[in-house]
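**Q** Encoded as structure tokens, here's the structure I'll be asking about.
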Amino acid sequence: MERALDLARSALGTTSPNPAVGALIIKDSVIVGEGFTQPPGDDHAEIVALKAAGAAARGATLFTTLEPCCHQGRTPPCTKAIIEAGISTICIAAVDPNPKVNGKGIKEMADAGITVQSGDRQEGAEQIIEAYSHFIKTGRPFVVAKFATSLDGKIATTSGDSKWITSQASRSHANALRGQYDAIMVGVNTVIEDDPQLTLRQGDAPSIRQPLRIVVDSHGRTPPSARLLREAGQTLIAAVDVEATRRHSLEEGGADILLVAPSTHGGVDLGDLLQTLAERDITGVMVEGGGRLLGSLFDLGFVDKVLAFVSPTIIGGASSPSPVSGRGATRMSEALRLERTTIEVFGGDVFIAGYPIKKAGGQ
């Protein structure tokens with residue numbers, strides 16, 4: 001099952017709105033076929049493994065990280081193919097939360113005489129599909145807040161210099177994390193001040209697949225010369241209104257303009273934006289700043305996971321910016337705390353991942 005989990009991880013960021021799944025088939029202690037979920041419309045992991053195994057699948061054991069689908073979608077049901085291939089035993093890590101499946105696939109295979117075992121490496125499998133599960137249950141993309149700070153909580157000096165707070169090892173890991181999500185989101189001030197590329201890279205070269213780049217930019221202030229408009233992949237500017245000449249310049253530069261509803265303060269309504277992204281089958285979004293955008297998402301209860309890199313560096317300065325602004329908490333009892341946290345070290349920096357504890361009655 002560990003091998004199946006590795007296969008599933010390799011598909012992250014390429015399968016939405018489908019979940020990333022890994023599968024392998026073992027017969028006489030030998031792997032005779034394996035695979036992972038292909039892009040939408042192509043084969044699911046189990047089908048890839050079955051095709052690789054061929055006739056050797058009959059009487060074999062199939063390991064899969066997620067319950068096989070049992071309904072007709074863009075592709076035929078996997079359960080039918082598994083039954084017809086003659087699989088004798090199937091080991092499933094996690095049950096599919098999609099109401100169209102959710103135990104129905106297990107029942108169909110068991111009724112066909114296949115021995116079904118489930119629950120092995122369940123936690124790991126559920127973490128791989130956390131964006132998919134959230135999308136299925138809420139109808140909204142899974143929102144990940146990612147930032148890097150100094151030990152005293154700063155993301156730049158008083159002059160705005162921010163390159164680099166963290167080590168090369170941390171930045172490489174952060175870049176790899178981008179590949180797990182469908183989209184990367186930033187606020188327009190980050191584009192104006194830092195002119196980021198927001199690309200997924202493999203070494204010094206751009207990756208073949210690029211996540212959608214989203215700029216939250218109420219009135220189209222993104223410079224047409226911004227580097228992210230010249231990179232491979234698609235850039236979406238989410239705005240409330242954009243002056244016609246400005247819009248033409250941005251579209252000529254390669255941007256797609258998405259007009260969304262205004263918030264009560266006149267900016268982009270983030271709830272409306274997330275709903276629109278969900279309608280476009282965006283299941284996971286990594287938000288990389290700035291402080292105003294992250295603060296608004298935290299204030300609204302839209303952040304589902306936090307990824308923070310903390311460098312053993314002191315920047316100081318009363319006016320040095322911090323990663324999260326917004327309304328914030330007035331009392332420590334109101335501060336947002338994380339649960340299920342994990343801690344790793346990259347190049348001397350501490351990397352903390354965790355999930356905000358949702359307040360009762362909150363988002």
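We name chains A, B, ... following the order of the structure tokens; residues begin at 1 in each chain, and ligands are numbered from 1 as shown.
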List as JSON, numbers by chain the protein and nucleic acid residues near Leu50 in chain A, meaning an atom at most 10 Å away when only C-alpha atoms are counted, but skip any in the same chain fewer than 3 places from it.

**A** {"A": [23, 24, 25, 32, 33, 34, 35, 45, 46, 47, 53, 54, 55, 56, 57, 58, 62, 78, 81, 82, 85, 87]}

**Q** Based on DSSP run over this structure's backbone, return all residues of range 22-191 of chain A in helix (DSSP H, G or I), as an MDAnalysis selection string.

**A** chainID A and resid 45:57 78:85 104:111 122:128 130:138 168:178 188:191

**Q** With 12 Å as the cut-off and only C-alpha atoms counted, what is the closest atom pair between each nearby residue of range 269-345 of chain A and range 124-128 of chain A? Distances in Å to one decimal, ordered by chain and number, as CSV.

**A**
residue,atom,partner,partner_atom,distance
A:Gly284,CA,A:Ile128,CA,11.7
A:Lys305,CA,A:Gln127,CA,11.4
A:Arg340,CA,A:Gln127,CA,11.3

**Q** Name the closest residue to Gly301 in chain A among the candidates A:Ile155, A:Ala239, A:Met286, A:Ala145; distances are taken between atoms, counting only C-alpha atoms.

**A**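 Between A:Ile155, A:Ala239, A:Met286, A:Ala145, the residue approaching Gly301 in chain A most closely is A:Ala145.
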
**Q** Using only C-alpha atoms, which residue out of A:Cys70, A:Ala110, A:Cys91, A:Leu293 lies closest to Asn189 in chain A?

**A**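 With only C-alpha atoms as the atom set, the closest residue is A:Leu293.
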
**Q** Set the distance at 9 Å and use only C-alpha atoms: which residues neighbour range 101-103 of chain A once local chain neighbours fewer than 2 positions away are removed? I'd like the list as a compact mmCIF listing (two decimals) with all heavy atoms, in the first residue's frame.

**A**
# COMPACT_ATOMS: atom_id res chain seq x y z
N GLU A 67 -11.39 3.90 -2.75
CA GLU A 67 -12.46 3.03 -3.24
C GLU A 67 -12.73 3.27 -4.73
O GLU A 67 -12.92 4.42 -5.15
CB GLU A 67 -13.74 3.31 -2.44
CG GLU A 67 -14.95 2.53 -2.89
CD GLU A 67 -16.21 2.93 -2.12
OE1 GLU A 67 -16.14 3.92 -1.36
OE2 GLU A 67 -17.24 2.26 -2.29
N PRO A 68 -12.75 2.24 -5.55
CA PRO A 68 -13.00 2.41 -6.99
C PRO A 68 -14.39 2.98 -7.26
O PRO A 68 -15.35 2.67 -6.54
CB PRO A 68 -12.85 0.99 -7.55
CG PRO A 68 -11.97 0.28 -6.57
CD PRO A 68 -12.37 0.84 -5.24
N CYS A 69 -14.49 3.80 -8.30
CA CYS A 69 -15.78 4.39 -8.65
C CYS A 69 -16.69 3.32 -9.23
O CYS A 69 -16.25 2.34 -9.84
CB CYS A 69 -15.60 5.53 -9.64
SG CYS A 69 -15.03 5.02 -11.28
N CYS A 70 -18.00 3.53 -9.03
CA CYS A 70 -18.98 2.55 -9.49
C CYS A 70 -20.06 3.22 -10.32
O CYS A 70 -21.16 2.68 -10.50
CB CYS A 70 -19.60 1.82 -8.30
SG CYS A 70 -20.32 2.93 -7.07
N HIS A 71 -19.78 4.41 -10.83
CA HIS A 71 -20.76 5.15 -11.62
C HIS A 71 -20.13 5.60 -12.93
O HIS A 71 -18.91 5.70 -13.05
CB HIS A 71 -21.26 6.37 -10.83
CG HIS A 71 -20.19 7.38 -10.54
ND1 HIS A 71 -19.22 7.17 -9.60
CD2 HIS A 71 -19.92 8.60 -11.10
CE1 HIS A 71 -18.40 8.22 -9.56
NE2 HIS A 71 -18.80 9.09 -10.47
N VAL A 95 -12.26 5.09 1.91
CA VAL A 95 -13.57 5.09 1.25
C VAL A 95 -13.75 6.44 0.55
O VAL A 95 -13.39 7.49 1.09
CB VAL A 95 -14.70 4.85 2.26
CG1 VAL A 95 -16.07 4.99 1.61
CG2 VAL A 95 -14.55 3.48 2.90
N ASP A 96 -14.32 6.42 -0.64
CA ASP A 96 -14.54 7.65 -1.41
C ASP A 96 -15.68 8.45 -0.76
O ASP A 96 -16.79 7.93 -0.60
CB ASP A 96 -14.91 7.29 -2.85
CG ASP A 96 -14.89 8.49 -3.79
OD1 ASP A 96 -15.09 9.63 -3.32
OD2 ASP A 96 -14.67 8.29 -4.99
N PRO A 97 -15.45 9.73 -0.40
CA PRO A 97 -16.51 10.54 0.22
C PRO A 97 -17.59 10.99 -0.75
O PRO A 97 -18.63 11.49 -0.33
CB PRO A 97 -15.74 11.75 0.76
CG PRO A 97 -14.56 11.88 -0.15
CD PRO A 97 -14.16 10.47 -0.49
N ASN A 98 -17.36 10.80 -2.05
CA ASN A 98 -18.36 11.19 -3.04
C ASN A 98 -19.63 10.36 -2.82
O ASN A 98 -19.58 9.13 -2.83
CB ASN A 98 -17.81 10.95 -4.44
CG ASN A 98 -18.70 11.53 -5.53
OD1 ASN A 98 -19.92 11.65 -5.37
ND2 ASN A 98 -18.11 11.87 -6.65
N PRO A 99 -20.79 11.01 -2.62
CA PRO A 99 -22.04 10.27 -2.39
C PRO A 99 -22.37 9.27 -3.51
O PRO A 99 -23.08 8.30 -3.27
CB PRO A 99 -23.10 11.38 -2.31
CG PRO A 99 -22.35 12.61 -1.92
CD PRO A 99 -21.01 12.47 -2.58
N GLY A 105 -19.19 1.18 -4.17
CA GLY A 105 -18.22 0.42 -4.95
C GLY A 105 -17.77 -0.82 -4.19
O GLY A 105 -17.60 -1.91 -4.79
N ILE A 106 -17.55 -0.68 -2.89
CA ILE A 106 -17.15 -1.82 -2.06
C ILE A 106 -18.23 -2.90 -2.10
O ILE A 106 -17.93 -4.10 -2.26
CB ILE A 106 -16.89 -1.34 -0.62
CG1 ILE A 106 -15.61 -0.50 -0.58
CG2 ILE A 106 -16.80 -2.52 0.34
CD1 ILE A 106 -15.32 0.13 0.77
N LYS A 107 -19.48 -2.48 -1.94
CA LYS A 107 -20.59 -3.45 -1.94
C LYS A 107 -20.70 -4.17 -3.28
O LYS A 107 -20.90 -5.40 -3.31
CB LYS A 107 -21.91 -2.73 -1.63
CG LYS A 107 -23.11 -3.67 -1.52
CD LYS A 107 -24.37 -2.92 -1.16
CE LYS A 107 -25.53 -3.89 -0.93
NZ LYS A 107 -25.81 -4.75 -2.08
N GLU A 108 -20.56 -3.44 -4.37
CA GLU A 108 -20.69 -4.07 -5.69
C GLU A 108 -19.63 -5.14 -5.90
O GLU A 108 -19.92 -6.24 -6.40
CB GLU A 108 -20.58 -3.00 -6.78
CG GLU A 108 -20.72 -3.56 -8.19
CD GLU A 108 -20.62 -2.49 -9.25
OE1 GLU A 108 -20.89 -1.30 -8.96
OE2 GLU A 108 -20.25 -2.83 -10.40

**Q** Contacts between range 311-315 of chain A and range 105-196 of chain A, please, where a residue of range 105-196 of chain A counts if it comes within 10 Å (with only C-alpha atoms); show its shortest atom pair and distance in Å to one decimal, rows by chain and ascending number, as CSV.

**A**
residue,atom,partner,partner_atom,distance
A:Ala148,CA,A:Ser311,CA,7.5
A:Thr149,CA,A:Ser311,CA,6.2
A:Ser150,CA,A:Ser311,CA,4.8
A:Leu151,CA,A:Pro312,CA,5.3
A:Asp152,CA,A:Ile314,CA,5.7
A:Gly153,CA,A:Ile315,CA,8.4
A:Lys154,CA,A:Ile315,CA,6.6
A:Ile155,CA,A:Ile315,CA,8.6
A:Ala156,CA,A:Ile315,CA,7.6
A:Thr157,CA,A:Ile315,CA,6.3
A:Thr158,CA,A:Ile315,CA,8.8
A:Trp164,CA,A:Ser311,CA,10.0
A:Ile165,CA,A:Ser311,CA,6.5
A:Thr166,CA,A:Ser311,CA,5.5
A:Ser167,CA,A:Ser311,CA,7.8
A:Ser170,CA,A:Ser311,CA,9.3

**Q** Mind writing the picked residues with all heavy atoms as a tab-separated table (two decimals), in the first residue's frame?

**A**
chain	number	residue	atom	x	y	z
A	148	ALA	N	6.28	32.56	4.29
A	148	ALA	CA	7.60	32.40	4.91
A	148	ALA	C	7.89	33.65	5.74
A	148	ALA	O	7.66	34.77	5.28
A	148	ALA	CB	8.67	32.21	3.85
A	149	THR	N	8.35	33.46	6.96
A	149	THR	CA	8.61	34.59	7.84
A	149	THR	C	9.95	34.44	8.55
A	149	THR	O	10.52	33.36	8.63
A	149	THR	CB	7.53	34.74	8.93
A	149	THR	OG1	7.78	33.79	9.99
A	149	THR	CG2	6.15	34.51	8.40
A	150	SER	N	10.41	35.57	9.08
A	150	SER	CA	11.57	35.54	9.97
A	150	SER	C	11.10	35.05	11.34
A	150	SER	O	9.90	34.89	11.58
A	150	SER	CB	12.16	36.94	10.09
A	150	SER	OG	11.20	37.83	10.64
A	151	LEU	N	12.04	34.87	12.24
A	151	LEU	CA	11.70	34.38	13.57
A	151	LEU	C	10.81	35.37	14.32
A	151	LEU	O	10.01	34.98	15.17
A	151	LEU	CB	12.99	34.12	14.37
A	151	LEU	CG	12.87	33.29	15.65
A	151	LEU	CD1	12.28	31.92	15.36
A	151	LEU	CD2	14.24	33.14	16.30
A	152	ASP	N	10.93	36.66	13.99
A	152	ASP	CA	10.09	37.67	14.64
A	152	ASP	C	8.86	38.02	13.80
A	152	ASP	O	8.24	39.07	13.98
A	152	ASP	CB	10.89	38.94	14.96
A	152	ASP	CG	11.59	39.53	13.74
A	152	ASP	OD1	11.80	38.80	12.77
A	152	ASP	OD2	11.93	40.72	13.78
A	153	GLY	N	8.49	37.14	12.88
A	153	GLY	CA	7.22	37.27	12.18
A	153	GLY	C	7.16	38.30	11.09
A	153	GLY	O	6.10	38.87	10.82
A	154	LYS	N	8.27	38.55	10.41
A	154	LYS	CA	8.30	39.53	9.33
A	154	LYS	C	8.50	38.84	7.99
A	154	LYS	O	9.18	37.82	7.89
A	154	LYS	CB	9.43	40.54	9.54
A	154	LYS	CG	9.47	41.18	10.93
A	154	LYS	CD	8.28	42.08	11.18
A	154	LYS	CE	8.41	42.80	12.53
A	154	LYS	NZ	7.23	43.67	12.79
A	155	ILE	N	7.91	39.45	6.94
A	155	ILE	CA	8.08	38.88	5.60
A	155	ILE	C	8.95	39.77	4.71
A	155	ILE	O	9.20	39.42	3.55
A	155	ILE	CB	6.72	38.64	4.91
A	155	ILE	CG1	5.93	39.95	4.78
A	155	ILE	CG2	5.91	37.60	5.67
A	155	ILE	CD1	4.67	39.81	3.93
A	156	ALA	N	9.39	40.89	5.24
A	156	ALA	CA	10.26	41.80	4.49
A	156	ALA	C	10.84	42.82	5.46
A	156	ALA	O	10.38	42.97	6.59
A	156	ALA	CB	9.49	42.51	3.37
A	157	THR	N	11.87	43.53	5.01
A	157	THR	CA	12.45	44.60	5.82
A	157	THR	C	11.59	45.86	5.70
A	157	THR	O	10.61	45.89	4.96
A	157	THR	CB	13.88	44.93	5.34
A	157	THR	OG1	13.79	45.45	4.00
A	157	THR	CG2	14.75	43.68	5.33
A	158	THR	N	11.97	46.92	6.40
A	158	THR	CA	11.23	48.18	6.32
A	158	THR	C	11.27	48.77	4.92
A	158	THR	O	10.37	49.53	4.53
A	158	THR	CB	11.79	49.20	7.32
A	158	THR	OG1	13.21	49.34	7.08
A	158	THR	CG2	11.56	48.75	8.75
A	164	TRP	N	16.54	36.83	0.27
A	164	TRP	CA	15.55	35.81	0.59
A	164	TRP	C	15.49	35.63	2.09
A	164	TRP	O	16.52	35.67	2.76
A	164	TRP	CB	15.91	34.49	-0.09
A	164	TRP	CG	15.86	34.56	-1.58
A	164	TRP	CD1	16.92	34.66	-2.43
A	164	TRP	CD2	14.71	34.54	-2.41
A	164	TRP	NE1	16.50	34.69	-3.74
A	164	TRP	CE2	15.14	34.61	-3.75
A	164	TRP	CE3	13.34	34.45	-2.15
A	164	TRP	CZ2	14.25	34.60	-4.83
A	164	TRP	CZ3	12.46	34.44	-3.22
A	164	TRP	CH2	12.91	34.51	-4.54
A	165	ILE	N	14.28	35.37	2.62
A	165	ILE	CA	14.13	35.12	4.05
A	165	ILE	C	14.51	33.69	4.38
A	165	ILE	O	15.18	33.43	5.38
A	165	ILE	CB	12.68	35.42	4.49
A	165	ILE	CG1	12.43	36.93	4.44
A	165	ILE	CG2	12.43	34.89	5.91
A	165	ILE	CD1	11.00	37.31	4.77
A	166	THR	N	14.10	32.76	3.54
A	166	THR	CA	14.35	31.34	3.81
A	166	THR	C	15.47	30.79	2.93
A	166	THR	O	15.91	31.42	1.97
A	166	THR	CB	13.08	30.53	3.58
A	166	THR	OG1	12.59	30.78	2.26
A	166	THR	CG2	12.00	30.90	4.61
A	167	SER	N	15.89	29.58	3.25
A	167	SER	CA	16.99	28.92	2.55
A	167	SER	C	16.55	28.39	1.19
A	167	SER	O	15.36	28.29	0.89
A	167	SER	CB	17.50	27.76	3.39
A	167	SER	OG	16.48	26.76	3.51
A	170	SER	N	14.31	25.40	1.57
A	170	SER	CA	12.91	25.73	1.85
A	170	SER	C	12.21	26.19	0.59
A	170	SER	O	11.06	25.80	0.31
A	170	SER	CB	12.83	26.83	2.91
A	170	SER	OG	13.20	26.35	4.18

**Q** Tell me which protein, DNA and RNA residues are within 12 Å of Ala335 in chain A, counting only C-alpha atoms, leaving out same-chain ones fewer than 2 positions away, and put them as JSON, numbers by chain.

**A** {"A": [298, 299, 327, 328, 329, 330, 331, 332, 333, 337, 338, 356, 357, 358, 359]}

**Q** Could you name the residues that touch Gly179 in chain A at 9 Å or less, counting only C-alpha atoms, but leaving out those on the same chain fewer than 5 positions away, as a ChimeraX atom specification?

**A** /A:12-14,200-201,209-211

**Q** Need to verify the contact set: Leu274 in chain A, 9 Å, only C-alpha atoms, exclusion of same-chain residues closer than 6 positions in sequence. Can you return it as JSON, numbers by chain?

**A** {"A": [140, 141, 282]}

**Q** Name the residues of range 282-349 of chain A that come out as strand (DSSP E) in a backbone DSSP run; write them as a PyMOL selection string.

**A** chain A and resi 284-287+305-311+338-346+349

**Q** Can I get the selected residues back with N, CA and C atoms, as a short mmCIF file (atom, residue, chain, number, x, y, z; two decimals), in the first residue's frame?

**A**
data_model
loop_
_atom_site.label_atom_id
_atom_site.label_comp_id
_atom_site.auth_asym_id
_atom_site.auth_seq_id
_atom_site.Cartn_x
_atom_site.Cartn_y
_atom_site.Cartn_z
N GLY A 284 -8.25 22.80 -5.39
CA GLY A 284 -7.27 23.22 -4.39
C GLY A 284 -6.54 24.47 -4.83
N VAL A 285 -6.43 25.46 -3.92
CA VAL A 285 -5.76 26.73 -4.21
C VAL A 285 -4.73 27.02 -3.12
N MET A 286 -3.49 27.29 -3.52
CA MET A 286 -2.46 27.73 -2.59
C MET A 286 -2.36 29.25 -2.68
N VAL A 287 -2.55 29.92 -1.54
CA VAL A 287 -2.50 31.37 -1.50
C VAL A 287 -1.16 31.79 -0.90
N LYS A 305 -5.91 25.05 5.44
CA LYS A 305 -4.62 24.49 5.83
C LYS A 305 -3.58 25.61 5.80
N VAL A 306 -2.59 25.49 6.67
CA VAL A 306 -1.51 26.49 6.74
C VAL A 306 -0.18 25.79 6.53
N LEU A 307 0.65 26.38 5.67
CA LEU A 307 2.02 25.93 5.44
C LEU A 307 2.93 27.11 5.71
N ALA A 308 3.72 27.05 6.76
CA ALA A 308 4.55 28.20 7.16
C ALA A 308 6.00 27.80 7.29
N PHE A 309 6.87 28.57 6.65
CA PHE A 309 8.32 28.41 6.78
C PHE A 309 8.83 29.51 7.70
N VAL A 310 9.55 29.14 8.75
CA VAL A 310 10.06 30.12 9.71
C VAL A 310 11.59 30.06 9.70
N SER A 311 12.20 31.19 9.34
CA SER A 311 13.66 31.27 9.26
C SER A 311 14.24 31.76 10.58
N LEU A 338 -3.90 26.03 15.30
CA LEU A 338 -3.82 24.91 14.37
C LEU A 338 -3.85 23.58 15.11
N GLU A 339 -4.35 22.57 14.45
CA GLU A 339 -4.32 21.21 14.97
C GLU A 339 -3.69 20.29 13.95
N ARG A 340 -3.42 19.07 14.37
CA ARG A 340 -2.77 18.08 13.49
C ARG A 340 -1.52 18.65 12.84
N THR A 341 -0.72 19.34 13.63
CA THR A 341 0.47 20.00 13.08
C THR A 341 1.61 19.01 12.89
N THR A 342 2.42 19.28 11.88
CA THR A 342 3.65 18.53 11.66
C THR A 342 4.77 19.54 11.50
N ILE A 343 5.98 19.14 11.87
CA ILE A 343 7.13 20.04 11.81
C ILE A 343 8.30 19.32 11.13
N GLU A 344 8.90 20.01 10.16
CA GLU A 344 10.08 19.52 9.47
C GLU A 344 11.11 20.64 9.40
N VAL A 345 12.33 20.29 9.05
CA VAL A 345 13.40 21.28 8.93
C VAL A 345 13.99 21.21 7.52
N PHE A 346 14.10 22.37 6.88
CA PHE A 346 14.70 22.48 5.55
C PHE A 346 15.76 23.57 5.57
N ASP A 349 15.63 26.10 8.34
CA ASP A 349 14.32 26.71 8.56
C ASP A 349 13.34 25.67 9.10
#

**Q** Point out the residue among A:Ser118, A:Thr65, A:Thr276, A:Thr283 with the least atom-to-atom distance to Gln180 in chain A, counting only C-alpha atoms.

**A**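 Nearest candidate to Gln180 in chain A out of A:Ser118, A:Thr65, A:Thr276, A:Thr283: A:Thr283.
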
**Q** Determine the nearest neighbour of Ser322 in chain A from the options A:Gly354, A:Gly348, A:Pro262, A:Gly160, counting only C-alpha atoms.

**A**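 Among the listed residues, the smallest separation from Ser322 in chain A belongs to A:Gly160.
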
**Q** For range 247-256 of chain A, find every residue with an atom within 9 Å (counting only C-alpha atoms), except residues of its own chain fewer than 5 positions away, and show them as a list in words.

**A**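 The contact residues come out as Gly220, Thr222, Pro223, Pro224, Ser225, Ala226, Leu229, Arg230, Gln234, Thr235, Leu236, Ile237, Ala238 and Val242 of chain A.
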
**Q** Using only C-alpha atoms, find the one residue out of A:Glu130, A:Asp241, A:Asp111, A:Glu2 that sits nearest to Asp304 in chain A.

**A**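 Closest residue, counting only C-alpha atoms: A:Glu130.
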
**Q** Just how far from CA of Glu288 in chain A is CA of Gly347 in chain A, in Å to one decimal?

**A** 20.3 Å

**Q** Taking into account only C-alpha atoms, which residue in the set A:Thr61, A:Gly86, A:Ile114, A:Lys100 is nearest to Gly73 in chain A?

**A**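 Residue with the minimum atom-to-atom distance to Gly73 in chain A: A:Lys100.
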
**Q** When you draw a straight line from CA of Gln202 in chain A to CA of Ala11 in chain A, how long is it in Å?

**A** 15.6 Å
